[in-house]
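K.L.:
Structure file input.cif (mmCIF, C-alpha atoms) is given on the next line.
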data_input
#
loop_
_atom_site.label_atom_id
_atom_site.label_comp_id
_atom_site.auth_asym_id
_atom_site.auth_seq_id
_atom_site.Cartn_x
_atom_site.Cartn_y
_atom_site.Cartn_z
CA MET A 1 -85.66 -4.74 12.59
CA THR A 2 -87.78 -2.10 14.33
CA PRO A 3 -88.83 1.03 12.44
CA THR A 4 -86.96 3.21 14.98
CA ASP A 5 -83.65 1.91 13.62
CA LYS A 6 -82.11 4.51 11.34
CA GLN A 7 -79.93 2.63 8.90
CA PRO A 8 -78.10 3.92 5.88
CA PRO A 9 -79.39 2.22 2.73
CA LEU A 10 -77.79 -1.06 1.77
CA ASN A 11 -75.96 -0.16 -1.41
CA PHE A 12 -72.83 -0.98 -3.31
CA ASP A 13 -70.83 1.43 -1.19
CA THR A 14 -71.33 -0.78 1.89
CA PHE A 15 -69.28 -3.35 -0.01
CA LEU A 16 -66.85 -1.08 -1.80
CA SER A 17 -65.67 1.00 1.16
CA GLY A 18 -64.02 -2.06 2.68
CA VAL A 19 -62.31 -2.96 -0.58
CA TRP A 20 -60.70 0.36 -1.36
CA ARG A 21 -61.45 3.47 0.70
CA GLU A 22 -61.06 1.66 4.04
CA ASN A 23 -58.83 -1.14 2.82
CA PRO A 24 -57.70 -2.96 5.99
CA VAL A 25 -54.16 -3.61 4.80
CA LEU A 26 -53.22 -0.53 2.80
CA VAL A 27 -55.18 2.20 4.55
CA MET A 28 -56.18 1.07 8.04
CA LEU A 29 -53.00 -0.97 8.70
CA LEU A 30 -54.93 -3.65 10.57
CA GLY A 31 -54.15 -7.34 10.73
CA MET A 32 -50.47 -6.80 10.02
CA CYS A 33 -49.22 -10.10 11.44
CA PRO A 34 -50.88 -12.55 9.02
CA THR A 35 -50.43 -10.00 6.24
CA LEU A 36 -46.67 -10.13 6.48
CA ALA A 37 -46.18 -13.67 7.72
CA VAL A 38 -47.96 -15.76 5.10
CA THR A 39 -47.51 -13.68 1.95
CA ASN A 40 -44.31 -15.30 0.70
CA SER A 41 -46.33 -16.64 -2.22
CA ALA A 42 -49.48 -15.51 -3.99
CA ILE A 43 -51.39 -18.73 -3.31
CA ASN A 44 -50.73 -18.53 0.45
CA GLY A 45 -51.94 -14.95 0.46
CA LEU A 46 -55.11 -15.93 -1.38
CA ALA A 47 -55.82 -18.85 0.98
CA MET A 48 -55.26 -16.71 4.06
CA GLY A 49 -57.52 -14.03 2.60
CA ALA A 50 -60.27 -16.56 1.89
CA ALA A 51 -60.04 -18.08 5.39
CA THR A 52 -60.19 -14.66 7.02
CA THR A 53 -63.11 -13.62 4.80
CA PHE A 54 -65.05 -16.70 5.88
CA VAL A 55 -64.45 -15.94 9.56
CA LEU A 56 -65.37 -12.27 8.97
CA ILE A 57 -68.67 -13.15 7.30
CA GLY A 58 -69.58 -15.89 9.78
CA SER A 59 -68.79 -13.90 12.90
CA GLY A 60 -70.30 -10.73 11.43
CA ALA A 61 -73.58 -12.51 10.73
CA LEU A 62 -73.75 -14.15 14.16
CA VAL A 63 -72.78 -11.00 16.05
CA SER A 64 -75.40 -9.06 14.11
CA LEU A 65 -78.08 -11.67 14.86
CA LEU A 66 -77.24 -11.70 18.56
CA ARG A 67 -76.80 -7.94 18.90
CA ARG A 68 -79.93 -7.46 21.01
CA LEU A 69 -79.27 -10.48 23.23
CA VAL A 70 -75.65 -9.88 24.25
CA PRO A 71 -75.28 -7.69 27.37
CA GLY A 72 -72.86 -4.80 26.85
CA THR A 73 -70.50 -5.79 29.65
CA VAL A 74 -69.58 -9.19 28.26
CA ARG A 75 -69.80 -8.35 24.56
CA ILE A 76 -66.05 -8.50 23.80
CA ALA A 77 -65.73 -11.92 25.44
CA THR A 78 -68.79 -13.11 23.50
CA TYR A 79 -67.38 -11.85 20.20
CA ILE A 80 -64.04 -13.54 20.88
CA VAL A 81 -65.76 -16.88 21.55
CA ILE A 82 -67.86 -16.52 18.37
CA ILE A 83 -64.73 -15.71 16.34
CA ALA A 84 -62.75 -18.56 17.92
CA THR A 85 -65.55 -20.97 16.99
CA PHE A 86 -65.43 -20.01 13.31
CA VAL A 87 -61.62 -20.11 13.32
CA THR A 88 -61.70 -23.65 14.71
CA VAL A 89 -64.05 -24.60 11.84
CA VAL A 90 -61.68 -23.05 9.25
CA ASP A 91 -58.70 -24.73 10.89
CA TYR A 92 -60.23 -28.20 10.55
CA VAL A 93 -61.58 -27.53 7.03
CA ILE A 94 -58.19 -26.44 5.67
CA GLN A 95 -56.53 -29.42 7.34
CA ALA A 96 -59.03 -31.71 5.59
CA VAL A 97 -58.89 -30.04 2.17
CA SER A 98 -55.17 -29.43 1.70
CA LEU A 99 -52.53 -30.63 4.11
CA ALA A 100 -49.77 -28.82 2.16
CA LEU A 101 -51.57 -25.51 2.56
CA TYR A 102 -52.21 -26.25 6.24
CA GLN A 103 -48.50 -26.76 6.81
CA ALA A 104 -47.57 -23.62 4.82
CA LEU A 105 -49.91 -21.39 6.82
CA GLY A 106 -49.04 -23.12 10.09
CA ALA A 107 -50.10 -21.46 13.33
CA PHE A 108 -51.37 -18.43 11.45
CA ILE A 109 -54.70 -20.09 10.75
CA GLN A 110 -55.41 -20.31 14.47
CA LEU A 111 -54.00 -16.83 14.93
CA ILE A 112 -56.89 -15.46 12.83
CA VAL A 113 -58.63 -15.26 16.22
CA VAL A 114 -56.51 -12.30 17.22
CA ASN A 115 -56.70 -10.57 13.83
CA CYS A 116 -57.81 -7.09 14.84
CA ILE A 117 -59.82 -6.60 11.62
CA ILE A 118 -62.37 -9.21 12.71
CA LEU A 119 -62.90 -7.98 16.25
CA GLY A 120 -62.87 -4.42 14.94
CA ARG A 121 -65.65 -5.15 12.44
CA ALA A 122 -67.68 -7.06 15.04
CA GLU A 123 -67.46 -4.23 17.54
CA ALA A 124 -67.70 -1.23 15.24
CA TYR A 125 -70.07 -2.47 12.56
CA ALA A 126 -71.84 -5.82 12.98
CA SER A 127 -72.99 -5.15 16.55
CA LYS A 128 -74.98 -2.12 15.38
CA ARG A 129 -76.34 -3.18 11.98
CA PRO A 130 -78.89 -5.69 10.66
CA ILE A 131 -77.57 -8.97 9.33
CA GLY A 132 -77.73 -8.00 5.63
CA HIS A 133 -75.49 -4.96 6.13
CA ALA A 134 -73.12 -6.94 8.32
CA ILE A 135 -72.66 -9.69 5.73
CA VAL A 136 -72.18 -7.30 2.79
CA ASN A 137 -69.72 -5.16 4.72
CA ALA A 138 -67.80 -8.20 5.98
CA THR A 139 -67.55 -9.50 2.41
CA GLY A 140 -66.18 -6.14 1.32
CA VAL A 141 -63.60 -5.96 4.07
CA GLY A 142 -62.64 -9.58 3.43
CA ALA A 143 -62.20 -8.84 -0.28
CA GLY A 144 -60.09 -5.81 0.58
CA PHE A 145 -57.93 -7.89 2.91
CA THR A 146 -57.53 -10.59 0.25
CA LEU A 147 -56.62 -7.93 -2.31
CA GLY A 148 -53.95 -6.55 0.02
CA LEU A 149 -52.51 -10.01 0.70
CA LEU A 150 -52.53 -10.82 -3.00
CA MET A 151 -50.71 -7.59 -3.88
CA LEU A 152 -48.05 -8.36 -1.31
CA GLY A 153 -47.82 -12.07 -2.10
CA SER A 154 -47.56 -11.55 -5.87
CA VAL A 155 -44.70 -9.06 -5.61
CA ARG A 156 -42.81 -11.21 -3.14
CA GLU A 157 -43.28 -14.39 -5.18
CA ILE A 158 -42.37 -12.77 -8.50
CA LEU A 159 -39.23 -11.11 -7.15
CA GLY A 160 -38.21 -13.80 -4.67
CA ALA A 161 -38.92 -16.97 -6.63
CA GLY A 162 -39.45 -15.76 -10.19
CA SER A 163 -42.87 -17.36 -10.36
CA PHE A 164 -46.52 -16.44 -10.04
CA PHE A 165 -49.01 -18.92 -8.51
CA GLY A 166 -46.27 -21.53 -8.95
CA LEU A 167 -45.83 -20.85 -12.68
CA SER A 168 -42.26 -19.98 -13.60
CA LEU A 169 -42.09 -16.59 -15.28
CA PHE A 170 -38.54 -15.85 -16.29
CA GLY A 171 -37.03 -19.20 -17.24
CA GLU A 172 -33.78 -20.83 -16.16
CA GLN A 173 -31.38 -17.89 -16.01
CA PHE A 174 -33.41 -15.95 -13.42
CA GLN A 175 -31.51 -15.24 -10.21
CA PRO A 176 -34.15 -15.21 -7.43
CA TRP A 177 -34.04 -12.27 -5.04
CA VAL A 178 -34.33 -14.57 -2.02
CA VAL A 179 -34.50 -11.84 0.61
CA MET A 180 -37.99 -11.00 -0.66
CA LEU A 181 -39.23 -14.37 0.60
CA LEU A 182 -37.53 -13.87 3.96
CA PRO A 183 -39.04 -11.70 6.72
CA PRO A 184 -37.27 -8.42 5.78
CA GLY A 185 -38.81 -8.63 2.30
CA GLY A 186 -42.28 -8.57 3.83
CA PHE A 187 -41.63 -5.34 5.68
CA LEU A 188 -39.94 -3.73 2.68
CA VAL A 189 -42.62 -4.69 0.13
CA LEU A 190 -45.46 -3.52 2.40
CA GLY A 191 -43.57 -0.29 3.04
CA THR A 192 -43.20 0.22 -0.69
CA TRP A 193 -46.91 -0.44 -1.33
CA LEU A 194 -47.80 2.07 1.39
CA LEU A 195 -45.50 4.59 -0.29
CA ILE A 196 -47.29 4.04 -3.60
CA VAL A 197 -50.73 4.35 -2.00
CA GLY A 198 -49.60 7.44 -0.11
CA TRP A 199 -48.23 8.97 -3.27
CA MET A 200 -51.49 8.25 -5.09
CA SER A 201 -53.62 9.85 -2.38
CA GLU A 202 -51.22 12.78 -2.34
CA ARG A 203 -52.09 13.28 -6.01
CA GLY A 204 -55.81 13.06 -5.26
CA GLY A 205 -56.30 9.33 -5.79
CA ALA A 206 -58.74 7.18 -3.87
CA PRO A 207 -57.67 6.00 -0.38
CA HIS A 208 -57.55 8.64 2.32
CA ALA A 209 -54.20 9.68 3.65
CA GLN A 210 -55.25 10.30 7.23
CA ALA A 211 -54.89 6.66 8.20
CA ARG A 212 -51.18 6.94 7.63
CA HIS A 213 -51.12 8.72 10.96
CA VAL A 214 -53.09 6.04 12.79
CA HIS A 215 -50.02 4.74 14.52
CA GLU A 216 -48.57 8.12 15.41
CA HIS A 217 -49.52 8.09 19.08
CA MET B 1 -41.49 -34.85 24.11
CA ASN B 2 -39.00 -32.24 22.97
CA THR B 3 -35.40 -32.60 24.15
CA GLU B 4 -34.11 -29.18 23.09
CA SER B 5 -31.77 -27.65 25.70
CA LEU B 6 -33.04 -24.68 27.70
CA ALA B 7 -30.25 -22.38 26.50
CA SER B 8 -31.01 -23.20 22.89
CA ILE B 9 -34.73 -22.54 23.40
CA ALA B 10 -33.98 -19.18 25.02
CA LEU B 11 -31.54 -18.10 22.33
CA ASN B 12 -33.92 -19.20 19.64
CA ALA B 13 -36.91 -17.25 20.96
CA LEU B 14 -34.86 -14.19 21.89
CA LEU B 15 -32.78 -13.63 18.75
CA VAL B 16 -32.84 -16.24 16.00
CA ASN B 17 -36.60 -16.49 15.68
CA ASN B 18 -37.39 -13.13 17.21
CA PHE B 19 -41.16 -12.84 17.49
CA VAL B 20 -41.38 -9.48 15.80
CA PHE B 21 -38.63 -9.55 13.19
CA SER B 22 -38.77 -13.11 11.98
CA LEU B 23 -42.14 -14.60 12.98
CA PHE B 24 -44.20 -11.42 12.41
CA LEU B 25 -46.08 -11.72 15.67
CA GLY B 26 -47.26 -8.80 17.76
CA LEU B 27 -46.89 -6.24 15.00
CA CYS B 28 -49.84 -4.06 16.01
CA PRO B 29 -48.43 -3.05 19.42
CA PHE B 30 -44.96 -3.05 17.86
CA LEU B 31 -45.98 -0.37 15.35
CA GLY B 32 -48.34 1.36 17.78
CA VAL B 33 -46.28 1.76 20.96
CA SER B 34 -42.78 2.05 19.55
CA ALA B 35 -42.88 5.81 18.98
CA LYS B 36 -41.49 6.72 22.42
CA LEU B 37 -38.78 5.03 24.45
CA ASN B 38 -40.40 5.63 27.84
CA THR B 39 -43.64 3.84 26.97
CA SER B 40 -42.02 1.07 24.96
CA TRP B 41 -40.21 -0.76 27.76
CA PRO B 42 -43.16 -0.85 30.21
CA MET B 43 -45.28 -2.21 27.37
CA GLY B 44 -42.66 -4.87 26.71
CA LEU B 45 -42.56 -5.74 30.39
CA ALA B 46 -46.36 -6.01 30.66
CA THR B 47 -46.47 -8.19 27.54
CA THR B 48 -43.74 -10.45 28.93
CA LEU B 49 -45.66 -10.82 32.18
CA VAL B 50 -48.90 -11.73 30.39
CA MET B 51 -46.99 -14.12 28.15
CA PHE B 52 -45.51 -15.89 31.16
CA VAL B 53 -48.80 -16.18 33.06
CA SER B 54 -50.77 -17.33 30.03
CA SER B 55 -48.05 -19.77 29.02
CA VAL B 56 -48.23 -21.46 32.43
CA CYS B 57 -52.06 -21.54 32.26
CA ALA B 58 -52.01 -22.80 28.67
CA PHE B 59 -49.74 -25.66 29.70
CA ALA B 60 -52.20 -26.72 32.41
CA ILE B 61 -55.19 -26.38 30.08
CA ASN B 62 -53.54 -28.38 27.33
CA TRP B 63 -52.80 -31.17 29.80
CA LEU B 64 -56.40 -31.13 31.02
CA LEU B 65 -57.96 -31.04 27.54
CA THR B 66 -55.71 -33.83 26.29
CA ALA B 67 -56.69 -35.91 29.32
CA VAL B 68 -60.41 -35.58 28.54
CA GLN B 69 -59.88 -35.64 24.74
CA LEU B 70 -61.42 -32.25 23.99
CA GLU B 71 -58.52 -30.83 21.96
CA PHE B 72 -60.81 -28.94 19.58
CA LEU B 73 -61.68 -26.58 22.44
CA ARG B 74 -58.02 -25.62 22.84
CA LEU B 75 -58.16 -22.37 20.89
CA ILE B 76 -61.25 -21.05 22.68
CA CYS B 77 -59.79 -21.93 26.09
CA TYR B 78 -56.44 -20.32 25.32
CA ILE B 79 -57.99 -17.05 24.25
CA ALA B 80 -60.20 -16.96 27.36
CA VAL B 81 -57.17 -17.59 29.58
CA ILE B 82 -55.19 -14.82 27.89
CA ALA B 83 -58.04 -12.35 28.34
CA SER B 84 -58.17 -13.19 32.05
CA ALA B 85 -54.38 -12.94 32.39
CA VAL B 86 -54.47 -9.45 30.85
CA GLN B 87 -57.16 -8.46 33.32
CA LEU B 88 -54.96 -9.77 36.15
CA VAL B 89 -51.89 -7.84 35.02
CA GLU B 90 -54.03 -4.74 34.56
CA MET B 91 -55.32 -4.95 38.15
CA ALA B 92 -51.84 -5.61 39.53
CA MET B 93 -50.40 -2.67 37.63
CA LYS B 94 -53.22 -0.35 38.72
CA LYS B 95 -52.46 -1.22 42.34
CA PHE B 96 -48.66 -1.15 42.30
CA SER B 97 -47.87 1.49 39.69
CA PRO B 98 -50.75 3.83 38.80
CA ALA B 99 -48.42 6.13 36.82
CA LEU B 100 -47.41 3.31 34.53
CA PHE B 101 -51.05 2.23 34.26
CA ARG B 102 -52.02 5.67 32.98
CA ALA B 103 -49.05 5.86 30.62
CA LEU B 104 -49.98 2.65 28.83
CA GLY B 105 -53.66 3.57 28.59
CA ILE B 106 -55.61 1.75 25.89
CA TYR B 107 -52.69 -0.47 24.94
CA LEU B 108 -52.92 -2.50 28.13
CA PRO B 109 -56.31 -4.15 27.43
CA LEU B 110 -55.25 -4.51 23.79
CA ILE B 111 -52.56 -6.98 24.86
CA THR B 112 -55.39 -9.53 24.62
CA THR B 113 -55.32 -9.27 20.85
CA ASN B 114 -51.53 -9.36 20.67
CA CYS B 115 -50.93 -12.40 18.54
CA ALA B 116 -47.49 -12.94 20.07
CA ILE B 117 -49.14 -14.16 23.28
CA LEU B 118 -51.47 -16.61 21.60
CA GLY B 119 -48.48 -17.50 19.43
CA VAL B 120 -46.41 -18.53 22.46
CA ALA B 121 -49.25 -20.68 23.77
CA LEU B 122 -49.80 -22.35 20.38
CA PHE B 123 -46.11 -22.87 19.57
CA GLN B 124 -45.31 -24.45 22.93
CA THR B 125 -48.18 -26.88 22.30
CA THR B 126 -47.02 -27.71 18.76
CA LYS B 127 -43.39 -28.12 19.83
CA GLU B 128 -44.44 -30.30 22.79
CA TYR B 129 -42.32 -28.43 25.31
CA ASN B 130 -42.43 -29.65 28.90
CA PHE B 131 -43.31 -27.31 31.76
CA VAL B 132 -39.83 -25.83 32.37
CA GLN B 133 -39.16 -25.50 28.64
CA SER B 134 -42.47 -23.65 28.18
CA MET B 135 -41.62 -21.20 30.96
CA VAL B 136 -38.17 -20.47 29.50
CA TYR B 137 -39.68 -20.13 26.03
CA SER B 138 -42.33 -17.64 27.12
CA LEU B 139 -39.86 -15.50 29.09
CA ALA B 140 -37.34 -15.42 26.23
CA ALA B 141 -40.06 -14.62 23.69
CA GLY B 142 -41.24 -11.76 25.89
CA ALA B 143 -37.70 -10.46 26.23
CA GLY B 144 -37.28 -10.65 22.47
CA PHE B 145 -40.49 -8.68 21.97
CA MET B 146 -39.27 -6.06 24.45
CA LEU B 147 -35.89 -5.88 22.70
CA ALA B 148 -37.57 -5.25 19.36
CA LEU B 149 -39.85 -2.59 20.85
CA VAL B 150 -37.00 -0.71 22.57
CA LEU B 151 -34.71 -0.87 19.52
CA MET B 152 -37.45 0.45 17.30
CA ALA B 153 -38.44 3.20 19.73
CA GLY B 154 -34.85 4.43 19.93
CA LEU B 155 -34.64 4.61 16.14
CA ARG B 156 -38.01 6.31 15.78
CA GLU B 157 -37.13 8.98 18.36
CA ARG B 158 -34.11 9.86 16.24
CA LEU B 159 -36.15 9.71 13.08
CA ALA B 160 -38.70 12.20 14.40
CA LEU B 161 -36.00 14.86 14.05
CA ALA B 162 -35.10 13.92 10.50
CA THR B 163 -36.61 15.69 7.52
CA VAL B 164 -38.15 13.18 5.14
CA PRO B 165 -40.47 13.68 2.15
CA LYS B 166 -44.11 14.05 3.15
CA VAL B 167 -45.20 10.87 1.40
CA THR B 168 -42.83 8.68 3.40
CA GLN B 169 -43.89 10.02 6.79
CA GLY B 170 -45.72 7.66 9.11
CA ALA B 171 -46.33 3.97 8.52
CA ALA B 172 -44.35 3.59 5.28
CA LEU B 173 -41.11 4.80 6.83
CA THR B 174 -41.70 2.76 10.00
CA LEU B 175 -42.14 -0.40 7.95
CA MET B 176 -38.98 0.28 5.94
CA LEU B 177 -37.13 0.75 9.22
CA ALA B 178 -38.56 -2.50 10.56
CA GLY B 179 -37.45 -4.20 7.36
CA THR B 180 -33.89 -2.98 7.85
CA LEU B 181 -33.88 -4.10 11.50
CA SER B 182 -35.28 -7.45 10.43
CA LEU B 183 -32.46 -7.73 7.90
CA ALA B 184 -30.00 -7.17 10.75
CA PHE B 185 -31.69 -9.90 12.82
CA MET B 186 -31.28 -12.30 9.89
CA GLY B 187 -27.61 -12.27 10.88
CA PHE B 188 -28.52 -14.43 13.87
CA ALA B 189 -29.86 -17.20 11.63
CA GLY B 190 -28.26 -20.53 12.38
CA LEU B 191 -27.03 -19.42 15.80
CA GLY B 192 -27.46 -22.09 18.46
CA SER B 193 -28.66 -24.76 16.05
CA GLY B 194 -25.33 -26.51 15.64
CA GLU B 195 -25.36 -29.07 18.40
#
As structure tokens, please, write out the structure in this file.

P.N.:
Amino acid sequence: MTPTDKQPPLNFDTFLSGVWRENPVLVMLLGMCPTLAVTNSAINGLAMGAATTFVLIGSGALVSLLRRLVPGTVRIATYIVIIATFVTVVDYVIQAVSLALYQALGAFIQLIVVNCIILGRAEAYASKRPIGHAIVNATGVGAGFTLGLLMLGSVREILGAGSFFGLSLFGEQFQPWVVMLLPPGGFLVLGTWLLIVGWMSERGGAPHAQARHVHEH
Amino acid sequence: MNTESLASIALNALLVNNFVFSLFLGLCPFLGVSAKLNTSWPMGLATTLVMFVSSVCAFAINWLLTAVQLEFLRLICYIAVIASAVQLVEMAMKKFSPALFRALGIYLPLITTNCAILGVALFQTTKEYNFVQSMVYSLAAGAGFMLALVLMAGLRERLALATVPKVTQGAALTLMLAGTLSLAFMGFAGLGSGE
């Protein structure tokens, strides 16, 4: 790193902003497809979050290392190839570790490539910062994404199957609310979480409300 | 080799397993471009076109990679092909309809990161569709995406006139609406599978 680089200090906020203030799921509304598709149980949400975090950290580190070598005109293509490489690694690792999980997540492991969070971080953050910052920030965003998936997955599993991480919660007489496991449940639960977060920020809580208007083009 | 009939594939991709409402693919453009009816259908059309072109290319690439036993490169090749297909559609649209090109703006290059397109390429590989089946599948999936986009845009144009509490404005309400639409699409479940 040359002395001319003006960088904000590497502190805890680099990590924390991704977890809460700029939470990718609840505030930025990025990476919606895997968020809704795989969160029909808490464990799937956690696995997806972990896989995405790995790709985020790996691609963030590599993009940051190569930031002076990659010409501006081909940078997006380069980032995509870097991301696709890490996704291929994750794809084969999950297949080797747990075949059941691999089948549950299905094509969505490979679809991490087109998760806009990762390309967004590579372009907006990692390509301009030294490797330490990039890794810490990617970890934060990954943790935030995992948190969002876990919030969604827990609610859907508890309501839709009456269990949490596979442990039965309510006993025999529980009538599962099956629609929560089906696609509409995903939309409805995420909508409800956004309502809660919006209501909290309305009352002066943490995440900023302006991102609610991101999609109002 | 998959022996599913063409009509069943089309029905499946269009309604039963609609890419937006039941497979959760392509949600970013779905939430982003569905605010106005007159930008939603060109977007759907452009996406369908890219889907078709990249599906044909993906079929050829898969055949080639299987022949030389380099399947682990599949993902990287697919994404490169899709990026080029988007560029192609962008150039064609700029030449033949500059007005439309301006109307779509930033969303056109962003088709590259539309997971529905990569989804089509990956699913047709997993399901082992032959060439004709893949083409039908990609066209029907594109039409399904367009249907979802237009339906949603119509609803949101009405909703813009409604008075709702301040907290529910924006994404939360849109997601609730999508949930309700998705519930309606659940009614198609089982259609076309009884053969």

K.L.:
For the structure shown, which residues end up in the PyMOL selection byres ((chain B and resi 34) around 8)? Put them as a ChimeraX atom specification, please?

P.N.:
/B:29-33,35-37,39-40,149-150,152-153,156

K.L.:
Compile the contact shell of region 42-53 of chain B as a PyMOL selection string: residues with an atom at most 10 Å away, counting all atoms listed in the file, same-chain residues fewer than 5 positions apart removed.

P.N.:
chain B and resi 26+29-30+33-34+37+58+81-90+93+100-101+103-104+107-108+111-112+114+116-121+134-150

K.L.:
I would like the residues chosen by the PyMOL selection byres ((chain A) within 7 of (chain B)) on the shown file; could you give them as a list in words?

P.N.:
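Given this file, the PyMOL selection byres ((chain A) within 7 of (chain B)) evaluates to Met32, Cys33, Leu36, Ala37, Val81, Ala84, Leu111, Val114, Cys116, Pro183, Pro184, Gly185, Phe187, Leu188, Gly191, Thr192, Leu194, Leu195, Gly198, Trp199, Arg212, His213, His215, Glu216 and His217 of chain A.
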
K.L.:
Take CA of Gly186 (chain A) and CA of Ser8 (chain B) and report the distance between them in Å, one decimal.

P.N.:
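Rounded to one decimal, the two atoms are 26.5 Å apart.
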
K.L.:
At a cut-off of 9 Å, using all atoms listed in the file, what residues contact region 147-158 of chain A? Leave out same-chain residues fewer than 3 positions from it and give the result as an MDAnalysis selection string.

P.N.:
chainID A and resid 19 23:26 34:36 38:46 48:49 142:144 161:166 168:169 176 180:181 185:186 189:190 193

K.L.:
Given the file above and the PyMOL selection byres ((chain A and resi 113) around 8), which residues are selected, and can you give them as a list in words?

P.N.:
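On the file shown, the PyMOL selection byres ((chain A and resi 113) around 8) covers Ile80, Ile83, Ala84, Val87, Gln110, Leu111, Ile112, Val114, Asn115 and Ile118 of chain A.
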
K.L.:
Using the selection just defined, write its residues with C-alpha atoms as a PDB file, in the frame of the given file.

P.N.:
ATOM      1  CA  ILE A  80     -64.040 -13.540  20.880  1.00  0.00           C
ATOM      2  CA  ILE A  83     -64.730 -15.710  16.340  1.00  0.00           C
ATOM      3  CA  ALA A  84     -62.750 -18.560  17.920  1.00  0.00           C
ATOM      4  CA  VAL A  87     -61.620 -20.110  13.320  1.00  0.00           C
ATOM      5  CA  GLN A 110     -55.410 -20.310  14.470  1.00  0.00           C
ATOM      6  CA  LEU A 111     -54.000 -16.830  14.930  1.00  0.00           C
ATOM      7  CA  ILE A 112     -56.890 -15.460  12.830  1.00  0.00           C
ATOM      8  CA  VAL A 114     -56.510 -12.300  17.220  1.00  0.00           C
ATOM      9  CA  ASN A 115     -56.700 -10.570  13.830  1.00  0.00           C
ATOM     10  CA  ILE A 118     -62.370  -9.210  12.710  1.00  0.00           C
TER      11      ILE A 118
END

K.L.:
Would you work out the distance separating CA of Asp13 (chain A) from CA of Val136 (chain A), expressed in Å to one decimal?

P.N.:
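Answer for the CA of Asp13 (chain A) to CA of Val136 (chain A) separation: 9.7 Å.
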
K.L.:
Determine, counting all atoms listed in the file, every residue of protein, DNA or RNA that lies within 12 Å of (-42.8, -28.6, 33.4) in the file coordinates, then give the result as a ChimeraX atom specification.

P.N.:
/B:1-2,6,55-60,63,124,128-137

K.L.:
Using only C-alpha atoms, find all polymer residues with an atom at most 12 Å away from the point (-67.1, -4.5, 13.2); report them as an MDAnalysis selection string.

P.N.:
chainID A and resid 18 24 56:57 59:64 67 76 79 83 116:129 133:139 141:142

K.L.:
Create the file for the chosen residues now, containing C-alpha atoms and written as a PDB file, keeping the file's coordinate frame.

P.N.:
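Produced file selection24.pdb, reproduced below:
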ATOM      1  CA  GLY A  18     -64.020  -2.060   2.680  1.00  0.00           C
ATOM      2  CA  PRO A  24     -57.700  -2.960   5.990  1.00  0.00           C
ATOM      3  CA  LEU A  56     -65.370 -12.270   8.970  1.00  0.00           C
ATOM      4  CA  ILE A  57     -68.670 -13.150   7.300  1.00  0.00           C
ATOM      5  CA  SER A  59     -68.790 -13.900  12.900  1.00  0.00           C
ATOM      6  CA  GLY A  60     -70.300 -10.730  11.430  1.00  0.00           C
ATOM      7  CA  ALA A  61     -73.580 -12.510  10.730  1.00  0.00           C
ATOM      8  CA  LEU A  62     -73.750 -14.150  14.160  1.00  0.00           C
ATOM      9  CA  VAL A  63     -72.780 -11.000  16.050  1.00  0.00           C
ATOM     10  CA  SER A  64     -75.400  -9.060  14.110  1.00  0.00           C
ATOM     11  CA  ARG A  67     -76.800  -7.940  18.900  1.00  0.00           C
ATOM     12  CA  ILE A  76     -66.050  -8.500  23.800  1.00  0.00           C
ATOM     13  CA  TYR A  79     -67.380 -11.850  20.200  1.00  0.00           C
ATOM     14  CA  ILE A  83     -64.730 -15.710  16.340  1.00  0.00           C
ATOM     15  CA  CYS A 116     -57.810  -7.090  14.840  1.00  0.00           C
ATOM     16  CA  ILE A 117     -59.820  -6.600  11.620  1.00  0.00           C
ATOM     17  CA  ILE A 118     -62.370  -9.210  12.710  1.00  0.00           C
ATOM     18  CA  LEU A 119     -62.900  -7.980  16.250  1.00  0.00           C
ATOM     19  CA  GLY A 120     -62.870  -4.420  14.940  1.00  0.00           C
ATOM     20  CA  ARG A 121     -65.650  -5.150  12.440  1.00  0.00           C
ATOM     21  CA  ALA A 122     -67.680  -7.060  15.040  1.00  0.00           C
ATOM     22  CA  GLU A 123     -67.460  -4.230  17.540  1.00  0.00           C
ATOM     23  CA  ALA A 124     -67.700  -1.230  15.240  1.00  0.00           C
ATOM     24  CA  TYR A 125     -70.070  -2.470  12.560  1.00  0.00           C
ATOM     25  CA  ALA A 126     -71.840  -5.820  12.980  1.00  0.00           C
ATOM     26  CA  SER A 127     -72.990  -5.150  16.550  1.00  0.00           C
ATOM     27  CA  LYS A 128     -74.980  -2.120  15.380  1.00  0.00           C
ATOM     28  CA  ARG A 129     -76.340  -3.180  11.980  1.00  0.00           C
ATOM     29  CA  HIS A 133     -75.490  -4.960   6.130  1.00  0.00           C
ATOM     30  CA  ALA A 134     -73.120  -6.940   8.320  1.00  0.00           C
ATOM     31  CA  ILE A 135     -72.660  -9.690   5.730  1.00  0.00           C
ATOM     32  CA  VAL A 136     -72.180  -7.300   2.790  1.00  0.00           C
ATOM     33  CA  ASN A 137     -69.720  -5.160   4.720  1.00  0.00           C
ATOM     34  CA  ALA A 138     -67.800  -8.200   5.980  1.00  0.00           C
ATOM     35  CA  THR A 139     -67.550  -9.500   2.410  1.00  0.00           C
ATOM     36  CA  VAL A 141     -63.600  -5.960   4.070  1.00  0.00           C
ATOM     37  CA  GLY A 142     -62.640  -9.580   3.430  1.00  0.00           C
TER      38      GLY A 142
END

K.L.:
Report, in Å to a single decimal, how far apart CA of Leu66 (chain A) and CA of Gly132 (chain A) are.

P.N.:
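Taking CA of Gly132 (chain A) and CA of Leu66 (chain A), their separation equals 13.5 Å.
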
K.L.:
Of the candidates A:Gly160, A:Ile196, A:Phe145, A:Gly171, which one gets nearest to Trp20 (chain A) if we count only C-alpha atoms?

P.N.:
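That would be A:Phe145, the residue with the smallest distance to Trp20 (chain A).
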